[in-house]
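Pasted below: model_7.tsv, TSV, C-alpha atoms.
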chain	number	residue	atom	x	y	z
Z	243	MET	CA	-69.58	-11.32	-91.95
Z	244	SER	CA	-70.72	-8.65	-89.53
Z	245	PRO	CA	-69.81	-5.03	-90.39
Z	246	GLY	CA	-68.65	-4.65	-86.80
Z	247	ASN	CA	-65.50	-6.60	-87.63
Z	248	PHE	CA	-64.63	-4.20	-90.42
Z	249	VAL	CA	-65.23	-1.21	-88.17
Z	250	ALA	CA	-63.02	-2.75	-85.48
Z	251	LEU	CA	-60.25	-3.28	-88.04
Z	252	ALA	CA	-60.68	0.34	-89.15
Z	253	VAL	CA	-60.30	1.49	-85.53
Z	254	VAL	CA	-57.08	-0.48	-85.10
Z	255	LEU	CA	-55.61	0.85	-88.34
Z	256	PHE	CA	-56.59	4.41	-87.42
Z	257	VAL	CA	-54.87	4.17	-84.04
Z	258	ILE	CA	-51.73	2.73	-85.65
Z	259	GLY	CA	-51.68	5.62	-88.11
Z	260	ALA	CA	-52.11	8.13	-85.29
Z	261	VAL	CA	-49.21	6.58	-83.37
Z	262	GLY	CA	-47.07	6.81	-86.48
Z	263	VAL	CA	-47.87	10.50	-86.92
Z	264	LEU	CA	-46.90	11.17	-83.32
Z	265	VAL	CA	-43.75	9.07	-83.19
Z	266	ARG	CA	-42.05	9.36	-86.56
Z	267	ARG	CA	-39.98	12.37	-87.55
Z	268	ASN	CA	-39.42	11.80	-91.24
Z	269	ALA	CA	-42.01	14.00	-92.93
Z	270	MET	CA	-42.56	11.43	-95.70
Z	271	VAL	CA	-43.43	8.72	-93.20
Z	272	ILE	CA	-45.75	11.08	-91.36
Z	273	PHE	CA	-47.55	11.63	-94.64
Z	274	MET	CA	-47.85	7.90	-95.17
Z	275	CYS	CA	-49.33	7.49	-91.70
Z	276	ILE	CA	-51.90	10.18	-92.48
Z	277	GLU	CA	-52.78	8.20	-95.62
Z	278	LEU	CA	-53.19	5.13	-93.45
Z	279	MET	CA	-55.62	6.99	-91.19
Z	280	LEU	CA	-57.63	8.18	-94.19
Z	281	ASN	CA	-57.77	4.62	-95.50
Z	282	ALA	CA	-58.99	3.34	-92.15
Z	283	VAL	CA	-61.80	5.89	-92.16
Z	284	ASN	CA	-62.69	4.83	-95.70
Z	285	LEU	CA	-62.96	1.24	-94.55
Z	286	ALA	CA	-65.34	2.30	-91.79
Z	287	PHE	CA	-67.42	4.28	-94.29
Z	288	VAL	CA	-67.71	1.28	-96.59
Z	289	ALA	CA	-68.67	-0.95	-93.66
Z	290	PHE	CA	-71.38	1.51	-92.63
Z	291	ALA	CA	-72.66	1.66	-96.18
Z	292	ARG	CA	-72.94	-2.11	-96.18
Z	293	MET	CA	-74.64	-2.06	-92.79
Z	294	HIS	CA	-77.29	0.45	-93.73
Z	295	GLY	CA	-77.82	-0.89	-97.20
Z	296	ASN	CA	-77.34	2.39	-99.05
Z	297	LEU	CA	-74.46	3.76	-101.00
Z	298	ASN	CA	-73.91	7.12	-99.30
Z	299	GLY	CA	-70.96	5.76	-97.36
Z	300	GLN	CA	-69.27	4.53	-100.51
Z	301	VAL	CA	-69.73	7.91	-102.20
Z	302	ILE	CA	-68.20	9.67	-99.19
Z	303	ALA	CA	-65.27	7.24	-99.24
Z	304	PHE	CA	-64.82	8.15	-102.88
Z	305	PHE	CA	-64.70	11.85	-101.99
Z	306	VAL	CA	-62.21	11.13	-99.23
Z	307	MET	CA	-59.97	9.47	-101.81
Z	308	VAL	CA	-60.15	12.50	-104.10
Z	309	VAL	CA	-59.30	14.91	-101.30
Z	310	ALA	CA	-56.48	12.64	-100.13
Z	311	ALA	CA	-54.98	12.61	-103.62
Z	312	ALA	CA	-55.04	16.42	-103.77
Z	313	GLU	CA	-53.58	16.64	-100.28
Z	314	VAL	CA	-50.73	14.29	-101.16
Z	315	VAL	CA	-49.83	16.29	-104.26
Z	316	VAL	CA	-49.60	19.60	-102.43
Z	317	GLY	CA	-47.98	18.07	-99.36
Z	318	LEU	CA	-45.24	16.38	-101.33
Z	319	ALA	CA	-44.59	19.58	-103.28
Z	320	ILE	CA	-44.17	21.48	-99.99
Z	321	LEU	CA	-41.89	18.72	-98.74
Z	322	MET	CA	-39.72	18.98	-101.83
Z	323	ALA	CA	-39.53	22.75	-101.48
Z	324	ILE	CA	-38.42	22.33	-97.85
Z	325	PHE	CA	-35.93	19.65	-98.81
Z	326	ARG	CA	-34.46	21.89	-101.48
Z	327	THR	CA	-33.70	24.67	-99.01
Z	328	ARG	CA	-32.48	22.67	-96.02
Z	329	ARG	CA	-31.49	19.26	-97.43
Z	330	SER	CA	-33.47	17.35	-94.85
Z	331	ALA	CA	-36.85	15.68	-94.62
Z	332	SER	CA	-36.97	15.63	-90.85
Z	333	VAL	CA	-39.70	17.63	-89.19
Z	334	ASP	CA	-37.33	18.54	-86.36
Z	335	ASP	CA	-35.15	20.58	-88.68
Z	336	ALA	CA	-38.04	22.69	-89.96
Z	337	SER	CA	-38.16	24.83	-86.86
Z	338	LEU	CA	-37.88	28.27	-88.43
Z	339	LEU	CA	-40.41	30.12	-90.51
Z	340	LYS	CA	-37.77	31.29	-92.92
Z	341	TYR	CA	-34.39	29.95	-94.14
T	201	MET	CA	-82.39	-28.33	-103.38
T	202	HIS	CA	-82.96	-25.91	-100.52
T	203	GLY	CA	-80.25	-27.53	-98.44
T	204	ASN	CA	-77.89	-27.26	-101.38
T	205	VAL	CA	-78.39	-23.48	-101.60
T	206	LEU	CA	-77.87	-23.17	-97.85
T	207	ALA	CA	-74.63	-25.11	-98.11
T	208	ILE	CA	-73.42	-22.81	-100.87
T	209	THR	CA	-74.13	-19.64	-98.84
T	210	ASP	CA	-72.46	-21.29	-95.87
T	211	VAL	CA	-69.32	-21.93	-97.91
T	212	ALA	CA	-69.41	-18.36	-99.20
T	213	SER	CA	-69.63	-16.92	-95.71
T	214	THR	CA	-66.81	-19.16	-94.48
T	215	THR	CA	-64.65	-17.98	-97.38
T	216	GLN	CA	-65.49	-14.40	-96.50
T	217	GLN	CA	-64.49	-14.94	-92.90
T	218	ILE	CA	-61.22	-16.60	-93.81
T	219	THR	CA	-60.42	-13.76	-96.23
T	220	PHE	CA	-61.30	-11.15	-93.67
T	221	TRP	CA	-59.17	-12.57	-90.87
T	222	LEU	CA	-56.25	-13.22	-93.18
T	223	LEU	CA	-56.35	-9.68	-94.53
T	224	ALA	CA	-56.91	-8.21	-91.08
T	225	VAL	CA	-53.75	-9.86	-89.80
T	226	VAL	CA	-51.79	-8.88	-92.92
T	227	SER	CA	-52.93	-5.26	-92.90
T	228	VAL	CA	-52.44	-4.69	-89.17
T	229	GLY	CA	-49.03	-6.37	-89.33
T	230	SER	CA	-47.99	-4.25	-92.30
T	231	ALA	CA	-49.27	-1.09	-90.63
T	232	LEU	CA	-47.27	-1.90	-87.50
T	233	GLY	CA	-44.23	-2.62	-89.63
T	234	MET	CA	-44.76	0.69	-91.37
T	235	ILE	CA	-44.48	2.72	-88.19
T	236	LEU	CA	-41.57	0.61	-86.97
T	237	ALA	CA	-39.43	0.39	-90.13
T	238	ARG	CA	-36.66	2.94	-90.09
T	239	LYS	CA	-36.18	3.23	-93.84
T	240	ALA	CA	-38.81	5.28	-95.61
T	241	VAL	CA	-38.91	3.00	-98.65
T	242	TYR	CA	-39.87	0.02	-96.49
T	243	CYS	CA	-42.66	2.17	-95.08
T	244	ALA	CA	-43.93	2.92	-98.58
T	245	VAL	CA	-43.91	-0.72	-99.62
T	246	LEU	CA	-45.66	-1.82	-96.43
T	247	LEU	CA	-48.24	0.91	-96.97
T	248	ALA	CA	-48.83	-0.57	-100.43
T	249	VAL	CA	-49.56	-3.92	-98.79
T	250	VAL	CA	-52.06	-2.28	-96.43
T	251	MET	CA	-53.79	-0.48	-99.29
T	252	LEU	CA	-54.04	-3.59	-101.44
T	253	SER	CA	-55.55	-5.60	-98.59
T	254	LEU	CA	-58.01	-2.77	-97.99
T	255	ALA	CA	-58.97	-2.98	-101.66
T	256	VAL	CA	-59.78	-6.66	-101.23
T	257	LEU	CA	-61.75	-5.83	-98.08
T	258	TYR	CA	-63.81	-3.32	-100.08
T	259	ALA	CA	-64.51	-6.01	-102.65
T	260	LEU	CA	-65.53	-8.28	-99.79
T	261	GLN	CA	-68.11	-5.72	-98.72
T	262	ASN	CA	-69.72	-5.55	-102.17
T	263	ALA	CA	-68.01	-2.30	-103.16
T	264	PRO	CA	-66.27	-3.30	-106.41
T	265	PHE	CA	-66.04	0.28	-107.68
T	266	LEU	CA	-64.20	1.46	-104.59
T	267	ALA	CA	-61.96	-1.59	-104.67
T	268	PHE	CA	-60.78	-0.71	-108.15
T	269	VAL	CA	-60.46	2.98	-107.36
T	270	GLN	CA	-58.40	2.04	-104.32
T	271	VAL	CA	-55.99	0.04	-106.44
T	272	ILE	CA	-55.79	2.62	-109.23
T	273	VAL	CA	-55.73	5.86	-107.23
T	274	TYR	CA	-54.03	4.88	-104.01
T	275	THR	CA	-51.70	2.07	-104.91
T	276	GLY	CA	-51.16	3.22	-108.46
T	277	ALA	CA	-50.97	6.99	-108.22
T	278	VAL	CA	-50.51	8.14	-104.64
T	279	LEU	CA	-47.95	5.53	-103.64
T	280	MET	CA	-45.99	5.93	-106.85
T	281	LEU	CA	-45.89	9.67	-106.15
T	282	PHE	CA	-44.59	8.87	-102.68
T	283	LEU	CA	-41.87	6.67	-104.11
T	284	PHE	CA	-40.90	9.26	-106.73
T	285	VAL	CA	-40.48	11.93	-104.06
T	286	LEU	CA	-38.67	9.48	-101.78
T	287	MET	CA	-36.14	8.83	-104.51
T	288	ILE	CA	-35.56	12.58	-104.81
T	289	VAL	CA	-35.66	13.47	-101.12
T	290	GLY	CA	-32.83	11.27	-100.05
T	291	ILE	CA	-33.32	7.56	-100.13
T	292	ARG	CA	-30.64	7.11	-97.51
T	293	ALA	CA	-32.40	9.23	-94.94
T	294	GLN	CA	-33.12	7.20	-91.83
T	295	ASP	CA	-34.97	8.19	-88.74
T	296	SER	CA	-32.69	8.46	-85.77
T	297	ILE	CA	-33.95	6.56	-82.78
T	298	VAL	CA	-32.99	9.29	-80.33
T	299	GLU	CA	-35.95	10.97	-78.71
T	300	THR	CA	-35.79	14.71	-79.25
T	301	ILE	CA	-38.71	15.47	-76.96
T	302	LYS	CA	-38.35	13.87	-73.57
T	303	GLY	CA	-41.01	11.30	-72.82
T	304	GLN	CA	-42.55	11.54	-76.26
T	305	ARG	CA	-42.79	7.79	-76.76
T	306	VAL	CA	-44.47	7.19	-73.42
T	307	ALA	CA	-46.92	10.02	-73.98
T	308	THR	CA	-47.66	8.67	-77.44
T	309	GLY	CA	-48.29	5.20	-76.05
T	310	LEU	CA	-50.69	6.58	-73.45
T	311	ALA	CA	-52.47	8.70	-76.04
T	312	ALA	CA	-52.74	5.71	-78.38
T	313	ILE	CA	-54.23	3.52	-75.66
T	314	GLY	CA	-56.64	6.31	-74.76
T	315	LEU	CA	-57.66	6.76	-78.39
T	316	LEU	CA	-58.11	3.02	-78.85
T	317	VAL	CA	-60.27	2.74	-75.74
T	318	LEU	CA	-62.31	5.77	-76.74
T	319	LEU	CA	-62.94	4.57	-80.27
T	320	SER	CA	-63.65	1.00	-79.15
T	321	LEU	CA	-66.16	2.20	-76.59
T	322	THR	CA	-67.83	4.44	-79.16
T	323	VAL	CA	-68.04	1.68	-81.70
T	324	GLY	CA	-69.07	-0.84	-79.06
T	325	HIS	CA	-71.86	1.35	-77.77
T	326	ALA	CA	-73.22	2.05	-81.22
T	327	VAL	CA	-75.71	-0.42	-82.52
T	328	LEU	CA	-73.76	-2.32	-85.12
T	329	GLY	CA	-76.41	-4.55	-86.57
T	330	THR	CA	-75.90	-7.19	-89.14
T	331	ALA	CA	-75.51	-6.19	-92.75
T	332	ALA	CA	-78.66	-5.10	-94.49
T	333	PRO	CA	-79.81	-7.43	-97.24
T	334	ALA	CA	-77.69	-6.65	-100.26
T	335	GLY	CA	-79.80	-4.86	-102.79
T	336	PRO	CA	-79.02	-4.62	-106.49
T	337	GLN	CA	-76.85	-1.56	-105.82
T	338	PHE	CA	-74.30	-3.76	-104.07
T	339	GLY	CA	-73.82	-6.21	-106.87
T	340	ALA	CA	-73.22	-5.81	-110.57
T	341	ASN	CA	-75.22	-2.57	-110.44
T	342	ASN	CA	-72.76	-0.89	-108.08
T	343	VAL	CA	-71.11	1.47	-110.56
T	344	TYR	CA	-74.43	2.67	-112.00
T	345	ALA	CA	-75.88	3.24	-108.53
T	346	ILE	CA	-72.82	5.22	-107.39
T	347	ALA	CA	-72.88	7.26	-110.60
T	348	ARG	CA	-76.55	8.03	-110.05
T	349	LEU	CA	-75.83	9.22	-106.50
T	350	ILE	CA	-72.81	11.31	-107.50
T	351	PHE	CA	-74.59	13.05	-110.35
T	352	THR	CA	-77.82	13.74	-108.47
T	353	THR	CA	-77.47	14.10	-104.71
T	354	TYR	CA	-73.78	14.82	-104.59
T	355	VAL	CA	-73.42	16.76	-107.82
T	356	PHE	CA	-72.37	20.02	-106.13
T	357	PRO	CA	-69.59	18.46	-104.00
T	358	PHE	CA	-68.48	16.59	-107.10
T	359	GLU	CA	-68.13	19.84	-109.05
T	360	VAL	CA	-66.31	21.48	-106.15
T	361	THR	CA	-63.91	18.53	-106.26
T	362	SER	CA	-62.83	19.55	-109.73
T	363	ALA	CA	-61.90	23.01	-108.43
T	364	LEU	CA	-59.95	21.35	-105.63
T	365	LEU	CA	-58.04	19.15	-108.04
T	366	ILE	CA	-57.14	22.05	-110.33
T	367	THR	CA	-56.01	24.10	-107.34
T	368	ALA	CA	-53.89	21.22	-106.11
T	369	ALA	CA	-52.25	20.76	-109.50
T	370	LEU	CA	-51.51	24.49	-109.77
T	371	GLY	CA	-50.22	24.58	-106.21
T	372	ALA	CA	-47.90	21.67	-106.83
T	373	MET	CA	-46.56	23.35	-109.96
T	374	VAL	CA	-45.95	26.62	-108.13
T	375	LEU	CA	-44.31	24.94	-105.15
T	376	ALA	CA	-42.11	22.62	-107.16
T	377	HIS	CA	-41.09	25.31	-109.64
T	378	ARG	CA	-37.50	26.40	-109.54
T	379	GLU	CA	-36.34	29.66	-111.05
T	380	ARG	CA	-33.57	29.31	-113.63
T	381	LEU	CA	-30.64	31.25	-112.24
T	382	THR	CA	-28.20	30.73	-115.09
T	383	PRO	CA	-28.97	31.24	-118.78
T	384	LYS	CA	-29.82	28.13	-120.72
T	385	LEU	CA	-26.92	26.70	-122.70
T	386	THR	CA	-27.39	26.79	-126.45
T	387	GLN	CA	-26.08	24.19	-128.85
T	388	ARG	CA	-23.18	26.51	-129.73
T	389	ASP	CA	-22.24	26.85	-126.05
T	390	LEU	CA	-22.39	23.11	-125.59
T	391	SER	CA	-20.12	22.36	-128.53
T	392	ARG	CA	-17.69	25.05	-127.40
T	393	LEU	CA	-17.62	23.54	-123.93
T	394	ARG	CA	-17.02	20.10	-125.35
T	395	VAL	CA	-14.05	21.20	-127.43
T	396	SER	CA	-12.52	23.23	-124.62
T	397	SER	CA	-12.91	20.35	-122.14
T	398	GLY	CA	-10.22	18.40	-123.98
T	399	HIS	CA	-12.56	15.46	-124.53
T	400	PRO	CA	-14.28	16.21	-127.83
T	401	ALA	CA	-15.39	12.67	-128.61
T	402	PRO	CA	-18.47	11.32	-126.88
T	403	LEU	CA	-17.80	9.38	-123.70
T	404	SER	CA	-17.61	5.65	-124.12
T	405	GLY	CA	-20.59	3.72	-122.91
T	406	PRO	CA	-20.30	1.68	-119.74
T	407	GLY	CA	-19.15	-1.87	-120.15
T	408	THR	CA	-17.47	-1.40	-123.53
T	409	TYR	CA	-14.83	-4.12	-123.92
T	410	ALA	CA	-15.21	-4.98	-120.24
T	411	ARG	CA	-16.11	-8.46	-119.10
T	412	HIS	CA	-19.71	-7.45	-118.42
T	413	ASN	CA	-21.83	-4.82	-120.09
T	414	ALA	CA	-23.61	-3.74	-116.91
T	415	VAL	CA	-23.95	0.01	-116.40
T	416	ASP	CA	-21.73	0.00	-113.36
T	417	MET	CA	-18.78	-1.61	-115.18
T	418	PRO	CA	-16.35	1.02	-116.48
T	419	ALA	CA	-15.43	0.69	-120.13
T	420	LEU	CA	-11.92	-0.51	-120.95
T	421	LEU	CA	-9.76	1.86	-122.92
T	422	PRO	CA	-7.57	0.47	-125.74
T	423	ASP	CA	-4.63	0.21	-123.35
T	424	GLY	CA	-6.73	-1.88	-120.94
T	425	THR	CA	-7.27	0.68	-118.19
T	426	PRO	CA	-10.83	1.23	-116.98
T	427	ASP	CA	-12.42	4.53	-118.02
T	428	GLU	CA	-14.15	5.87	-114.92
T	429	ALA	CA	-15.91	8.59	-116.91
T	430	SER	CA	-17.99	5.98	-118.70
T	431	VAL	CA	-19.89	5.10	-115.53
T	432	PRO	CA	-22.88	7.36	-114.84
T	433	SER	CA	-22.10	9.76	-112.03
T	434	ALA	CA	-25.11	8.59	-110.04
T	435	ILE	CA	-23.64	5.16	-109.44
T	436	GLN	CA	-20.00	6.16	-109.28
T	437	GLY	CA	-18.41	5.36	-105.97
T	438	VAL	CA	-20.83	2.57	-105.17
T	439	PRO	CA	-18.64	-0.48	-104.63
T	440	GLU	CA	-20.45	-2.73	-107.04
T	441	THR	CA	-17.76	-4.10	-109.32
T	442	PRO	CA	-15.80	-7.06	-107.98
T	443	ASP	CA	-12.53	-5.17	-108.42
T	444	GLN	CA	-13.68	-2.18	-106.38
T	445	ARG	CA	-15.11	-4.47	-103.75
T	446	ARG	CA	-11.90	-6.41	-103.50
T	447	THR	CA	-9.89	-3.26	-102.96
T	448	LEU	CA	-12.37	-2.18	-100.30
T	449	LEU	CA	-12.35	-5.48	-98.49
T	450	GLY	CA	-8.59	-5.63	-98.38
T	451	SER	CA	-6.07	-8.14	-99.57
T	452	SER	CA	-6.97	-10.82	-97.01
T	453	THR	CA	-10.31	-11.57	-98.64
T	454	ALA	CA	-8.74	-11.57	-102.05
T	455	ALA	CA	-6.13	-14.06	-100.86
T	456	MET	CA	-8.86	-16.18	-99.33
T	457	ARG	CA	-10.82	-16.16	-102.55
T	458	SER	CA	-7.83	-17.07	-104.68
T	459	ALA	CA	-7.16	-19.94	-102.27
T	460	ALA	CA	-10.76	-21.09	-102.58
T	461	GLY	CA	-10.30	-21.51	-106.30
T	462	PRO	CA	-9.72	-19.12	-109.16
T	463	GLY	CA	-12.25	-18.69	-111.90
T	464	GLU	CA	-15.13	-19.79	-109.72
T	465	PRO	CA	-18.25	-18.36	-111.36
T	466	GLY	CA	-20.26	-17.78	-108.19
T	467	GLY	CA	-17.29	-16.57	-106.20
T	468	ASP	CA	-18.63	-13.07	-105.75
T	469	SER	CA	-22.15	-13.94	-104.77
T	470	GLY	CA	-21.17	-14.48	-101.17
T	471	GLN	CA	-20.18	-10.83	-100.84
T	472	GLU	CA	-23.39	-9.36	-102.20
T	473	GLY	CA	-24.82	-8.68	-98.76
T	474	ASP	CA	-21.80	-6.69	-97.65
T	475	ALA	CA	-22.00	-4.05	-100.34

Target encoding structure tokens, full file:
Amino acid sequence: MSPGNFVALAVVLFVIGAVGVLVRRNAMVIFMCIELMLNAVNLAFVAFARMHGNLNGQVIAFFVMVVAAAEVVVGLAILMAIFRTRRSASVDDASLLKY
Amino acid sequence: MHGNVLAITDVASTTQQITFWLLAVVSVGSALGMILARKAVYCAVLLAVVMLSLAVLYALQNAPFLAFVQVIVYTGAVLMLFLFVLMIVGIRAQDSIVETIKGQRVATGLAAIGLLVLLSLTVGHAVLGTAAPAGPQFGANNVYAIARLIFTTYVFPFEVTSALLITAALGAMVLAHRERLTPKLTQRDLSRLRVSSGHPAPLSGPGTYARHNAVDMPALLPDGTPDEASVPSAIQGVPETPDQRRTLLGSSTAAMRSAAGPGEPGGDSGQEGDA
């Protein structure tokens, strides 16, 4: 199994995630699409690690997972704070800095 | 003997290829479904499918540690967090399909094609050789080898990670915190409220003396009338009980059902999809 296949799959998943971020307007779904992009990059990292025969890529994928977990926690907390004030999770409604 | 070993590796590589193509189709299909599904919960579930197939793909590339971390951290923790927040932030919220920015879809499509071409060309131009021979660090020794790397070469980023995680936890607590605007009710206040409400006894549980003991069935009072207060307020108003549904659907359906045969046990199952 050539690592090129895995990298190609990662590219496709990354592009799908990017399209989702651009098209969707529910903030939750945008977050999920960002997670999808991070996952695609992880897949590419693991494929490169396999290709070069050392584990640096796997370690970096591990760090990406940690940072993604932290990002999700803070992002969802911000989302809930926004939802509490304006009762909506749509990114279109969050057009003012205050209120 | 030699031919036997070759046959075994051949079978293994065929299995790998089948697994890869199967999971590639599943993950790309789920990802497409994720950006097309209008309900956010569907998106979350489809994202879980993508993440689980990625975990198997990691295992396929001799990264068992990352495969397990993917299942535990992403599918177990991150997605559950997503679902928790989704349940709070309005499960009924749907994306409207009206474009708010004119030409956004077309521009997005063009940008996506451009990004795909760019990334494909980059990847295609790079020398993607075959996989290096799998050393011991890609097999059963994977966890030890990763631990050695993390605690030697990457020890400083690893320590910084802990600061990041603590900051994230504190930030989430600060952001999700809500100031208490009214004083907390004491036990004395609660009992006073209960007596003054005119309903000093505890509310009857749902389903008491009713035909079913499901939580959405109101309890029957001694005179036979349903007690609406026994149903939790979260599911009140959802037309789930057959009686409520019948009143919603009108008398024609009820007449039809009584004509079809009274006392039919599965008589209501046909209406499940309408609720």

Compile a residue-level contact table for stretch 245-333 of chain Z against stretch 302-314 of chain T at a cut-off of 7 Å, reporting for every qualifying residue the shortest atom pair and its distance in Å to one decimal, with all atoms listed in the file counted, rows ordered by chain and ascending number, as CSV.
residue,atom,partner,partner_atom,distance
Z:Val257,CA,T:Ala312,CA,6.2
Z:Val261,CA,T:Ala312,CA,6.2
Z:Leu264,CA,T:Thr308,CA,6.4
Z:Val265,CA,T:Arg305,CA,6.6

Only C-alpha atoms, please: the residues just picked out, written as a PDB file, keeping the file's coordinate frame.
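Contents of result-v1.pdb, freshly written:
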ATOM      1  CA  VAL Z 257     -54.870   4.170 -84.040  1.00  0.00           C
ATOM      2  CA  VAL Z 261     -49.210   6.580 -83.370  1.00  0.00           C
ATOM      3  CA  LEU Z 264     -46.900  11.170 -83.320  1.00  0.00           C
ATOM      4  CA  VAL Z 265     -43.750   9.070 -83.190  1.00  0.00           C
TER       5      VAL Z 265
END

Please identify every residue of stretch 214-331 of chain T that has at least one atom no farther than 9 Å from an atom of stretch 339-357 of chain T, counting only C-alpha atoms, and for each give the shortest atom pair and the distance in Å to one decimal, arranged by chain then increasing number, as CSV.
residue,atom,partner,partner_atom,distance
T:Asn262,CA,T:Gly339,CA,6.3
T:Ala263,CA,T:Asn342,CA,7.0
T:Pro264,CA,T:Asn342,CA,7.1
T:Phe265,CA,T:Val343,CA,6.0

For this session: Name the residues within 7 Å of (-63.9, -8.4, -97.1), counting all atoms listed in the file in the file's coordinates, and put them as a ChimeraX atom specification.
Result: /T:216,219-220,256-261

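The list of residues with at least one atom within 6 Å of stretch 327-337 of chain Z, based on all atoms listed in the file and without residues fewer than 2 positions apart in the same chain, reads Arg267, Asn268, Ala269, Ile324 and Phe325 of chain Z.
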
For this session: List the neighbours of Z:Arg292 out to 12 Å using all atoms listed in the file; skip same-chain residues closer than 2 positions along the sequence, and give me the result as an MDAnalysis selection string.
Result: (chainID Z and resid 243:246 248:249 285:290 294:300) or (chainID T and resid 257:263 328:335 337:339 342)

For this session: Enter the distance from atom CA of T:Thr215 to atom CA of Z:Ile258, in Å, rounded to one decimal.
Result: 27.1 Å

Exercise. Restricting the calculation to all atoms listed in the file, which member of Z:Asn247, Z:Ala319, Z:Ala291, Z:Arg326 is positioned closest to chain T?
Worked result: Z:Ala319

For this session: Between atom CA of Z:Cys275 and atom CA of T:Thr361, measure the distance and give it in Å to one decimal.
Result: 23.4 Å

To test the calculation: enclose all listed atoms of stretch 375-390 of chain T in a box whose edges run along x, y and z, add 3 Å on each side, then state centre and edge lengths in Å to one decimal, as AutoDock Vina command-line options.
--center_x -33.3 --center_y 26.9 --center_z -117.4 --size_x 28.1 --size_y 14.6 --size_z 30.6

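Note that atom CA of T:Ser253 and atom CA of T:Leu223 are 5.8 Å apart.
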
Problem set entry | Z:Val271 environment, 12 Å, all atoms listed in the file, sequence neighbours closer than 3 positions dropped, as a ChimeraX atom specification | /Z:259-268,274-278,318,321,331-333 /T:231,233-247,279,282-283,285-286,293-295

Output the selection as a tab-separated table (two decimals), in the frame of the given file - C-alpha atoms for each residue.
chain	number	residue	atom	x	y	z
Z	259	GLY	CA	-51.68	5.62	-88.11
Z	260	ALA	CA	-52.11	8.13	-85.29
Z	261	VAL	CA	-49.21	6.58	-83.37
Z	262	GLY	CA	-47.07	6.81	-86.48
Z	263	VAL	CA	-47.87	10.50	-86.92
Z	264	LEU	CA	-46.90	11.17	-83.32
Z	265	VAL	CA	-43.75	9.07	-83.19
Z	266	ARG	CA	-42.05	9.36	-86.56
Z	267	ARG	CA	-39.98	12.37	-87.55
Z	268	ASN	CA	-39.42	11.80	-91.24
Z	274	MET	CA	-47.85	7.90	-95.17
Z	275	CYS	CA	-49.33	7.49	-91.70
Z	276	ILE	CA	-51.90	10.18	-92.48
Z	277	GLU	CA	-52.78	8.20	-95.62
Z	278	LEU	CA	-53.19	5.13	-93.45
Z	318	LEU	CA	-45.24	16.38	-101.33
Z	321	LEU	CA	-41.89	18.72	-98.74
Z	331	ALA	CA	-36.85	15.68	-94.62
Z	332	SER	CA	-36.97	15.63	-90.85
Z	333	VAL	CA	-39.70	17.63	-89.19
T	231	ALA	CA	-49.27	-1.09	-90.63
T	233	GLY	CA	-44.23	-2.62	-89.63
T	234	MET	CA	-44.76	0.69	-91.37
T	235	ILE	CA	-44.48	2.72	-88.19
T	236	LEU	CA	-41.57	0.61	-86.97
T	237	ALA	CA	-39.43	0.39	-90.13
T	238	ARG	CA	-36.66	2.94	-90.09
T	239	LYS	CA	-36.18	3.23	-93.84
T	240	ALA	CA	-38.81	5.28	-95.61
T	241	VAL	CA	-38.91	3.00	-98.65
T	242	TYR	CA	-39.87	0.02	-96.49
T	243	CYS	CA	-42.66	2.17	-95.08
T	244	ALA	CA	-43.93	2.92	-98.58
T	245	VAL	CA	-43.91	-0.72	-99.62
T	246	LEU	CA	-45.66	-1.82	-96.43
T	247	LEU	CA	-48.24	0.91	-96.97
T	279	LEU	CA	-47.95	5.53	-103.64
T	282	PHE	CA	-44.59	8.87	-102.68
T	283	LEU	CA	-41.87	6.67	-104.11
T	285	VAL	CA	-40.48	11.93	-104.06
T	286	LEU	CA	-38.67	9.48	-101.78
T	293	ALA	CA	-32.40	9.23	-94.94
T	294	GLN	CA	-33.12	7.20	-91.83
T	295	ASP	CA	-34.97	8.19	-88.74

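Selection around (-54.0, 6.8, -98.2) with radius 10 Å, counting only C-alpha atoms, yields the residues Phe273, Met274, Cys275, Ile276, Glu277, Leu278, Met279, Leu280, Asn281, Ala282, Val283, Asn284, Val306, Met307, Ala310, Ala311 and Val314 of chain Z; Leu247, Ala248, Val250, Met251, Gln270, Val273, Tyr274, Thr275, Val278 and Leu279 of chain T.
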